[in-house]
Structure formats: structure tokens, C-alpha cells
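Worksheet for the structure shown next.
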Amino acid sequence: MADLKKLFYPSSIAVVGASRNPKKIGHLILKNLIEYGYKSRIYPVNPAADEVLGLKAYPSVSSIPEPVDVVVVSVPAPKVPEVIEDAGKAGAKFAVIISSGFKEVGNVELEKKVVETARKYGMRVLGPNIFGYVYTPSRINATFGPRDVIPGGVAFITQSGALGIALMGTTIMEGIGVSAIISIGNKADLDDADFLEFFENDPNTNIVLIYLEGITNGRRFVEAASRVTIKKPIVVIKSGRTEAGARAAASHTGSLAGNIAFYETAFKQSGILFAKSVEEAFDWVKALTWNPLPNSDRIVVITNGGGAGVQASDTLADNGLLLQKPPKNLVEEIRKFVPPFASLANPIDLTGMAPTDWYYKAVYAALNDPDVDSIVVLYCHTALTHPVEVADAIMNAVKDSGGLKKPMTVALIGGVEAYEGIKKLTQAKIPAYPTPERAAAAMAAIHRYVKYREYVTKRLSYLGGS
Ligand code: COA
């Protein structure tokens, strides 16, 4: 098992190739590192400069007055072996190699040479062909992606660089807080399993999201993922699900995307939630990172529109979750304020004339009913109410119930105003979506995780592994 402590809690970081040119990658990484607030020592390395971004520059890693823990390398690929040799000799512990031009374009030998050199000195390598890494508890943003990553519980490991950078932006837009972002690239040395092992016991991480093209060591991956699943969920977006996608992946990071049936089996064994799209993955991550887990499957759907309720019921049923009759007490509570023609089976239909305070009362009652395990709230925008006011009502019900003690997802369905409401709920860490299907599918992912965790726990204890 790799000891990654010094990668995530380094005493010092050097940036090799810290260019003076503000448009170059090495410069941008140094800038992010400084501006995101890494508090320990930062050393720019550039033989052509005396100073970069106000920090004294060194001509080489070995000329820095202390052994550094992490060396971020952003010089052209042919220069990387000599940088690694120098950094290794100087006692660096981790090399984070940004440079492209290795296995992904056929330069297998160059990549091998880099890893062998690092090994000689006991140094571990992240990359090459990556955009860097983030660890918010240490205020490290050693990437050339967006700077203001939101701290939170999601650890994101990505094999795709550009898509990963773009998704960093998505986390900010969606208000999703991250503990770590790891661009893993060619995985010449450290791979997904090494990071899963770290996140398994990382108290700052409550869910792991992986964008995966291919696994190098299937067995080790399944073992590590299974152990993580017992403690926290893993969501995987697997690219290269089709033959065409697999071919594209091979020319991207040089990894074999392989037969999808193999991956499906591996994911099933390790209890991984397998998302088919980026949208689905982020929907689930939001629901899983902000919600507690349910005790059982007694889901209640609250709506003001029959159609939305049917769509949510169908999605839940597609996921093996059949709605049961709602608890008697809850029905009696809601009966007090809705018209007699309201259908209070499950979904509970507050009717199209529902004002915001009916939402408050219904959600409050469901949150406080011990016979309700989770709640899907649906709202179709009518002229009677404004979605932001409905969002406020839902937030107040949560607040007055002492916070989310059972999982809840919300769909506000409509136009621009509905999006305003979604944004407001998201800021309050209540997962909200624009369609009933997405809110229901996200809830289904939470319930599925509980079942997967149970299955993996049993499987490991049967094998004597836990
Ligand atoms: N040690 C330290 N610094 C060195 C050096 C060495 N041995 N040799 C050169 N440098 C300096 C250069 O002088 C330059 O600084 P300056 O601009 O102040 O003169 C800086 O390091 C960068 O070197 P340069 O040759 O200008 O490289 P570059 O910045 O144009 O490109 C990479 C370097 C790594 C960004 C580029 O080769 C690359 O691989 N790009 C792709 C990266 C990528 O996409 N990764 C995957 C993302 S998902």
C-alpha cells in the first residue's frame, strides 16, 4: 500500500518549469498554488529566472535548501528524466508529472525510464499527462484548472485531463464541495487503487467519484473499491463502454478500456454505482454527499402534479423501488389542509392549487414521521406560486426539523424561475433537479448504495476480508 500522506500533507512543494510567462502551464500551476492558499513552502524551479510570482526561483530541485516533499513537473517530456533524477537525488518524495508525450503517444520507453529513475530513489509518480491535483484540507490546488474549488466531501479521481478540468468547473457551478481532485493520466506508477486506499480512511472524504477509462490491475481495484464501499460510496463514470469509445480511450491515455462486461462484473462485486453519463454521476454525487442514508425503502413522493408523480414512480420502479402506501399518521396530518379531492396515496398529490405553506407542512410532516425513510419532493411551476418561494418553504421545513435526518431530493420543474429555486436549494445543500426523473433516480442511487454496501459487507466477511 502506497503511503500518500506526504502528497496530501506536504511540508513543501516545488514547481519545476515555473515559467515567467503567465500563459504557460507551469506559471498557472504556481499561481493557483499560491492564490488558493497553500500555507507551507513553495519553490519555483526555473534556471532562466531569479524570481517567479514574487518567489525566489531555483535552477534545480537539488539547489533548494531542503528536501521537498512534492515536485510538480511542467517541462517538455524529453527533459523529464533529468528532472526526476535530480529531484530523486535531492530526496523528493512525490513527482507530479504534468507533461504529455509519453505512453499515450507511443513513448513507452521514456515513461518506463521516468518510473525506473523515480523508483531508484523511492519516489512515487503521479501521472504523467495530467492537469495536477487538489487537496482542499491542505489548501493545495496544484492544477492549471479553475482556482476557487469549493472544499467539501467529494474526492474526484479522473483519468481524463481536459474533461476533468471542465468537471472541476462543474463542481463549482453545482456547489459541490470537494476534498480532492486527482488527475491520474497514464497511471505510470500510482493508480486508482492507491488513491482509493487513501480515501478509504480519509476523514475529509465522504464519497469518491471516478472518471475511468481503463483499469490496470483489476483484482487490486476490486479489493480496494470493496473496502471503500463499506465506508463510503463510489460513483464511477466509465468511458469506452462501446467498441468505438474503447478505441478512443486507447489513443487517449494509452489504456485498454476492455470489455464492458468485465467492468460491470468488477463494479458489481465492489458495490460501485455505475453512472452512464457525467450528468447522472453528478446528480448522484450531489444526492449522496449531502444526504444521510435511509433506514429502509419506505419512500414518500410529494407533488403538486399527478404527471410528475407518475414519472418519479416509474423511475423508482425502474430501479426496483416500489412505492408503498404512505403512513397513516402522515396522511391524517396532510388531510388537515388539502382539499378533499387530493389523492393521498403515494405519490401524495397536494393538487395544482397547493400554496407554498402546504409544501412546508407536508415536507415538515414527512421529515418528522418515523415511518418515512426518504422523501422525493416534486413541484411543477404554476402561476399560483413562485419556485423560489417553494424552495424557501422546503428549506424552512428542513431547518425547523433540525436538518436533513433522512434523505431528500427535490425537482422544481419549469422555466428560468425553477432554475433560480434549484440554485437556492443547492446552495443550502439540498439536492435539487429540473426533472422528476432525475430527482427520483438520484434518490434511487442512495437506496441502491445501501443495498450494495450490505452485499459487499457480506461478501467480504464470507471471504474473511473484513
Ligand atoms: N527545469 C526547470 N525549468 C525549466 C527547465 C528545467 N530543466 N528547462 C526549462 N525550464 C523552464 C523554461 O525556461 C520555461 O520558463 P520560461 O518561460 O520562464 O523561460 C519553463 O520551464 C517551461 O518550459 P517550456 O520549454 O517553455 O515548456 P512549456 O511550458 O511550453 O511546456 C509542458 C511544458 C509540460 C506544459 C508541455 O510540454 C506539455 O506537456 N504540455 C501538455 C500538458 C498537458 O496537456 N498535460 C495533460 C493535461 S490533462
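Each chain of the C-alpha cells is named A, B, ... in the order shown, its residues numbered from 1; ligands are numbered from 1 in display order.
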
Checklist entry - Could you write out, as JSON, numbers by chain, all the residues of range 146-194 of chain A that DSSP marks as alpha helix (DSSP H)? => result {"A": [161, 162, 163, 164, 165, 166, 167, 168, 169, 170, 171, 172, 173, 174, 192, 193, 194]}

For the selection you just gave me, I'd like the residues written to a file as a PDB file, in the first residue's frame, keeping C-alpha atoms.
ATOM      1  CA  GLY A 161      -7.453  15.573 -18.186  1.00  0.00           C
ATOM      2  CA  ALA A 162      -9.414  18.140 -20.163  1.00  0.00           C
ATOM      3  CA  LEU A 163     -12.760  16.650 -19.165  1.00  0.00           C
ATOM      4  CA  GLY A 164     -11.518  16.555 -15.579  1.00  0.00           C
ATOM      5  CA  ILE A 165     -10.614  20.241 -15.678  1.00  0.00           C
ATOM      6  CA  ALA A 166     -14.026  21.027 -17.130  1.00  0.00           C
ATOM      7  CA  LEU A 167     -15.674  18.971 -14.389  1.00  0.00           C
ATOM      8  CA  MET A 168     -13.723  20.932 -11.769  1.00  0.00           C
ATOM      9  CA  GLY A 169     -15.696  23.892 -13.092  1.00  0.00           C
ATOM     10  CA  THR A 170     -18.909  21.863 -12.884  1.00  0.00           C
ATOM     11  CA  THR A 171     -18.331  21.154  -9.185  1.00  0.00           C
ATOM     12  CA  ILE A 172     -18.017  24.910  -8.577  1.00  0.00           C
ATOM     13  CA  MET A 173     -21.140  25.709 -10.610  1.00  0.00           C
ATOM     14  CA  GLU A 174     -23.165  22.961  -8.911  1.00  0.00           C
ATOM     15  CA  ASP A 192      -6.778   4.380  -8.862  1.00  0.00           C
ATOM     16  CA  ALA A 193      -6.347   1.649  -6.256  1.00  0.00           C
ATOM     17  CA  ASP A 194      -3.606   3.619  -4.455  1.00  0.00           C
TER      18      ASP A 194
END

Please build the interface table for chain A against ligand 1 with a cut-off of 9 Å, listing for each qualifying residue the nearest atom pair and the distance in Å to one decimal; count only C-alpha atoms and all ligand atoms, order rows by chain and increasing number, and write it as JSON lines.
{"residue": "A:Val15", "atom": "CA", "partner": "ligand 1", "partner_atom_place_in_ligand_line": "2 (C)", "distance": 8.1}
{"residue": "A:Val16", "atom": "CA", "partner": "ligand 1", "partner_atom_place_in_ligand_line": "2 (C)", "distance": 4.6}
{"residue": "A:Gly17", "atom": "CA", "partner": "ligand 1", "partner_atom_place_in_ligand_line": "21 (O)", "distance": 3.2}
{"residue": "A:Ala18", "atom": "CA", "partner": "ligand 1", "partner_atom_place_in_ligand_line": "20 (C)", "distance": 5.5}
{"residue": "A:Ser19", "atom": "CA", "partner": "ligand 1", "partner_atom_place_in_ligand_line": "18 (O)", "distance": 3.6}
{"residue": "A:Arg20", "atom": "CA", "partner": "ligand 1", "partner_atom_place_in_ligand_line": "18 (O)", "distance": 3.8}
{"residue": "A:Asn21", "atom": "CA", "partner": "ligand 1", "partner_atom_place_in_ligand_line": "17 (O)", "distance": 5.1}
{"residue": "A:Pro22", "atom": "CA", "partner": "ligand 1", "partner_atom_place_in_ligand_line": "17 (O)", "distance": 8.6}
{"residue": "A:Lys23", "atom": "CA", "partner": "ligand 1", "partner_atom_place_in_ligand_line": "29 (O)", "distance": 8.5}
{"residue": "A:Lys24", "atom": "CA", "partner": "ligand 1", "partner_atom_place_in_ligand_line": "29 (O)", "distance": 4.9}
{"residue": "A:Ile25", "atom": "CA", "partner": "ligand 1", "partner_atom_place_in_ligand_line": "35 (C)", "distance": 5.1}
{"residue": "A:Gly26", "atom": "CA", "partner": "ligand 1", "partner_atom_place_in_ligand_line": "29 (O)", "distance": 5.9}
{"residue": "A:His27", "atom": "CA", "partner": "ligand 1", "partner_atom_place_in_ligand_line": "29 (O)", "distance": 8.0}
{"residue": "A:Pro44", "atom": "CA", "partner": "ligand 1", "partner_atom_place_in_ligand_line": "2 (C)", "distance": 8.4}
{"residue": "A:Val45", "atom": "CA", "partner": "ligand 1", "partner_atom_place_in_ligand_line": "2 (C)", "distance": 5.1}
{"residue": "A:Asn46", "atom": "CA", "partner": "ligand 1", "partner_atom_place_in_ligand_line": "3 (N)", "distance": 3.7}
{"residue": "A:Pro47", "atom": "CA", "partner": "ligand 1", "partner_atom_place_in_ligand_line": "3 (N)", "distance": 5.6}
{"residue": "A:Ala48", "atom": "CA", "partner": "ligand 1", "partner_atom_place_in_ligand_line": "13 (O)", "distance": 5.3}
{"residue": "A:Ala49", "atom": "CA", "partner": "ligand 1", "partner_atom_place_in_ligand_line": "18 (O)", "distance": 6.2}
{"residue": "A:Val52", "atom": "CA", "partner": "ligand 1", "partner_atom_place_in_ligand_line": "18 (O)", "distance": 8.1}
{"residue": "A:Tyr58", "atom": "CA", "partner": "ligand 1", "partner_atom_place_in_ligand_line": "2 (C)", "distance": 8.3}
{"residue": "A:Pro59", "atom": "CA", "partner": "ligand 1", "partner_atom_place_in_ligand_line": "2 (C)", "distance": 6.5}
{"residue": "A:Ser60", "atom": "CA", "partner": "ligand 1", "partner_atom_place_in_ligand_line": "1 (N)", "distance": 6.0}
{"residue": "A:Val61", "atom": "CA", "partner": "ligand 1", "partner_atom_place_in_ligand_line": "1 (N)", "distance": 8.2}
{"residue": "A:Val73", "atom": "CA", "partner": "ligand 1", "partner_atom_place_in_ligand_line": "34 (C)", "distance": 7.1}
{"residue": "A:Ser74", "atom": "CA", "partner": "ligand 1", "partner_atom_place_in_ligand_line": "34 (C)", "distance": 3.9}
{"residue": "A:Val75", "atom": "CA", "partner": "ligand 1", "partner_atom_place_in_ligand_line": "33 (C)", "distance": 4.0}
{"residue": "A:Pro76", "atom": "CA", "partner": "ligand 1", "partner_atom_place_in_ligand_line": "37 (O)", "distance": 3.4}
{"residue": "A:Ala77", "atom": "CA", "partner": "ligand 1", "partner_atom_place_in_ligand_line": "37 (O)", "distance": 5.8}
{"residue": "A:Pro78", "atom": "CA", "partner": "ligand 1", "partner_atom_place_in_ligand_line": "37 (O)", "distance": 8.7}
{"residue": "A:Lys79", "atom": "CA", "partner": "ligand 1", "partner_atom_place_in_ligand_line": "7 (N)", "distance": 6.2}
{"residue": "A:Val80", "atom": "CA", "partner": "ligand 1", "partner_atom_place_in_ligand_line": "7 (N)", "distance": 7.7}
{"residue": "A:Glu82", "atom": "CA", "partner": "ligand 1", "partner_atom_place_in_ligand_line": "7 (N)", "distance": 7.4}
{"residue": "A:Val83", "atom": "CA", "partner": "ligand 1", "partner_atom_place_in_ligand_line": "7 (N)", "distance": 6.0}
{"residue": "A:Ile97", "atom": "CA", "partner": "ligand 1", "partner_atom_place_in_ligand_line": "34 (C)", "distance": 8.1}
{"residue": "A:Ile98", "atom": "CA", "partner": "ligand 1", "partner_atom_place_in_ligand_line": "45 (N)", "distance": 4.9}
{"residue": "A:Ser99", "atom": "CA", "partner": "ligand 1", "partner_atom_place_in_ligand_line": "39 (O)", "distance": 3.4}
{"residue": "A:Ser100", "atom": "CA", "partner": "ligand 1", "partner_atom_place_in_ligand_line": "39 (O)", "distance": 3.8}
{"residue": "A:Gly101", "atom": "CA", "partner": "ligand 1", "partner_atom_place_in_ligand_line": "39 (O)", "distance": 6.3}
{"residue": "A:Gly127", "atom": "CA", "partner": "ligand 1", "partner_atom_place_in_ligand_line": "46 (C)", "distance": 8.7}
{"residue": "A:Pro128", "atom": "CA", "partner": "ligand 1", "partner_atom_place_in_ligand_line": "46 (C)", "distance": 7.5}
{"residue": "A:Asn129", "atom": "CA", "partner": "ligand 1", "partner_atom_place_in_ligand_line": "46 (C)", "distance": 4.0}
{"residue": "A:Ile130", "atom": "CA", "partner": "ligand 1", "partner_atom_place_in_ligand_line": "46 (C)", "distance": 3.9}
{"residue": "A:Phe131", "atom": "CA", "partner": "ligand 1", "partner_atom_place_in_ligand_line": "47 (C)", "distance": 4.2}
{"residue": "A:Gly132", "atom": "CA", "partner": "ligand 1", "partner_atom_place_in_ligand_line": "47 (C)", "distance": 7.7}
{"residue": "A:Phe144", "atom": "CA", "partner": "ligand 1", "partner_atom_place_in_ligand_line": "47 (C)", "distance": 8.5}
{"residue": "A:Gln159", "atom": "CA", "partner": "ligand 1", "partner_atom_place_in_ligand_line": "48 (S)", "distance": 8.5}
{"residue": "A:Ser160", "atom": "CA", "partner": "ligand 1", "partner_atom_place_in_ligand_line": "48 (S)", "distance": 6.5}
{"residue": "A:Gly161", "atom": "CA", "partner": "ligand 1", "partner_atom_place_in_ligand_line": "48 (S)", "distance": 3.2}
{"residue": "A:Ala162", "atom": "CA", "partner": "ligand 1", "partner_atom_place_in_ligand_line": "48 (S)", "distance": 5.1}
{"residue": "A:Leu163", "atom": "CA", "partner": "ligand 1", "partner_atom_place_in_ligand_line": "48 (S)", "distance": 8.1}
{"residue": "A:Gly164", "atom": "CA", "partner": "ligand 1", "partner_atom_place_in_ligand_line": "48 (S)", "distance": 7.7}
{"residue": "A:Ile165", "atom": "CA", "partner": "ligand 1", "partner_atom_place_in_ligand_line": "48 (S)", "distance": 7.6}
{"residue": "A:Ser183", "atom": "CA", "partner": "ligand 1", "partner_atom_place_in_ligand_line": "48 (S)", "distance": 7.3}
{"residue": "A:Ile184", "atom": "CA", "partner": "ligand 1", "partner_atom_place_in_ligand_line": "48 (S)", "distance": 8.9}
{"residue": "A:Gly185", "atom": "CA", "partner": "ligand 1", "partner_atom_place_in_ligand_line": "48 (S)", "distance": 7.0}

Next on the checklist: Which residues are near range 212-228 of chain A? Cut-off 8 Å, only C-alpha atoms, ignore same chain within fewer than 2 positions. Put them as a PyMOL selection string.
Outcome noted: chain A and resi 158-160+191-193+196-197+199-200+210+230-234+236-240+246+249+255-258+266-267+269-272+456+460

Export C-alpha atoms of the chosen residues as a PDB file, in the first residue's frame?
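The resulting file, out.pdb, is reproduced below:
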ATOM      1  CA  THR A 158     -10.124  11.424 -13.225  1.00  0.00           C
ATOM      2  CA  GLN A 159      -8.273   9.671 -15.995  1.00  0.00           C
ATOM      3  CA  SER A 160      -9.307  12.304 -18.500  1.00  0.00           C
ATOM      4  CA  ASP A 191      -3.120   4.262  -9.893  1.00  0.00           C
ATOM      5  CA  ASP A 192      -6.778   4.380  -8.862  1.00  0.00           C
ATOM      6  CA  ALA A 193      -6.347   1.649  -6.256  1.00  0.00           C
ATOM      7  CA  LEU A 196      -8.913   4.538  -3.181  1.00  0.00           C
ATOM      8  CA  GLU A 197      -6.814   3.147  -0.342  1.00  0.00           C
ATOM      9  CA  PHE A 199      -9.652   7.907   0.552  1.00  0.00           C
ATOM     10  CA  GLU A 200     -10.950   4.838   2.372  1.00  0.00           C
ATOM     11  CA  ILE A 210     -14.073   8.279 -10.571  1.00  0.00           C
ATOM     12  CA  ILE A 230     -18.244  -0.406   3.115  1.00  0.00           C
ATOM     13  CA  LYS A 231     -17.360   3.055   4.429  1.00  0.00           C
ATOM     14  CA  LYS A 232     -18.442   5.464   1.674  1.00  0.00           C
ATOM     15  CA  PRO A 233     -19.999   5.288  -1.792  1.00  0.00           C
ATOM     16  CA  ILE A 234     -18.060   5.195  -5.055  1.00  0.00           C
ATOM     17  CA  VAL A 236     -17.874   5.637 -11.497  1.00  0.00           C
ATOM     18  CA  ILE A 237     -18.311   7.123 -14.936  1.00  0.00           C
ATOM     19  CA  LYS A 238     -16.839   4.517 -17.243  1.00  0.00           C
ATOM     20  CA  SER A 239     -15.945   5.784 -20.674  1.00  0.00           C
ATOM     21  CA  GLY A 240     -15.271   3.477 -23.575  1.00  0.00           C
ATOM     22  CA  ALA A 246     -12.791   1.911 -26.251  1.00  0.00           C
ATOM     23  CA  ALA A 249      -9.706   5.693 -24.917  1.00  0.00           C
ATOM     24  CA  SER A 255      -5.056   2.324 -21.513  1.00  0.00           C
ATOM     25  CA  LEU A 256      -7.178  -0.610 -22.542  1.00  0.00           C
ATOM     26  CA  ALA A 257     -10.813   0.208 -21.973  1.00  0.00           C
ATOM     27  CA  GLY A 258     -11.556  -3.504 -22.349  1.00  0.00           C
ATOM     28  CA  ALA A 266     -15.950  -5.707 -11.234  1.00  0.00           C
ATOM     29  CA  PHE A 267     -18.259  -2.810 -10.334  1.00  0.00           C
ATOM     30  CA  GLN A 269     -18.510  -7.100  -6.906  1.00  0.00           C
ATOM     31  CA  SER A 270     -17.186  -3.931  -5.329  1.00  0.00           C
ATOM     32  CA  GLY A 271     -20.566  -2.198  -4.964  1.00  0.00           C
ATOM     33  CA  ILE A 272     -19.714   0.664  -7.298  1.00  0.00           C
ATOM     34  CA  VAL A 456     -20.207  -6.121  -0.207  1.00  0.00           C
ATOM     35  CA  LEU A 460     -16.064  -9.630   2.326  1.00  0.00           C
TER      36      LEU A 460
END

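Among the candidates A:Leu425, A:Val331, A:Met353, A:Val301, the residue lying nearest to Leu378 in chain A is A:Val301 (atoms considered: only C-alpha atoms).
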
Checklist entry - Using only C-alpha atoms, which of A:Asn186, A:Arg459, A:Tyr359, A:Gly320 sits nearest Gly106 in chain A? => result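 Distance minimum relative to Gly106 in chain A lands on A:Asn186.
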
With only C-alpha atoms as the counted atoms, please give the residues lying no more than 9 Å from Ala445 in chain A, apart from itself and same-chain residues fewer than 6 positions off, as a PDB file with N, CA, C and O atoms, in the first residue's frame.
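Final file, around20.pdb:
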ATOM      1  N   LEU A 273     -21.377   2.339  -7.844  1.00  0.00           N
ATOM      2  CA  LEU A 273     -22.542   2.880  -8.547  1.00  0.00           C
ATOM      3  C   LEU A 273     -22.065   3.324  -9.928  1.00  0.00           C
ATOM      4  O   LEU A 273     -21.261   4.245 -10.052  1.00  0.00           O
ATOM      5  N   TRP A 284     -26.098  11.997  -8.831  1.00  0.00           N
ATOM      6  CA  TRP A 284     -25.993  11.029  -7.723  1.00  0.00           C
ATOM      7  C   TRP A 284     -25.043  11.555  -6.649  1.00  0.00           C
ATOM      8  O   TRP A 284     -25.315  11.418  -5.451  1.00  0.00           O
ATOM      9  N   ALA A 287     -26.679  14.011  -4.416  1.00  0.00           N
ATOM     10  CA  ALA A 287     -27.634  13.370  -3.502  1.00  0.00           C
ATOM     11  C   ALA A 287     -26.900  12.616  -2.392  1.00  0.00           C
ATOM     12  O   ALA A 287     -27.304  12.649  -1.230  1.00  0.00           O
ATOM     13  N   LEU A 288     -25.809  11.962  -2.761  1.00  0.00           N
ATOM     14  CA  LEU A 288     -25.103  11.124  -1.777  1.00  0.00           C
ATOM     15  C   LEU A 288     -24.246  11.935  -0.819  1.00  0.00           C
ATOM     16  O   LEU A 288     -24.111  11.585   0.349  1.00  0.00           O
ATOM     17  N   ASN A 319     -35.819   1.218 -10.875  1.00  0.00           N
ATOM     18  CA  ASN A 319     -34.680   0.944 -10.000  1.00  0.00           C
ATOM     19  C   ASN A 319     -35.037  -0.030  -8.876  1.00  0.00           C
ATOM     20  O   ASN A 319     -34.348  -0.110  -7.860  1.00  0.00           O
TER      21      ASN A 319
END
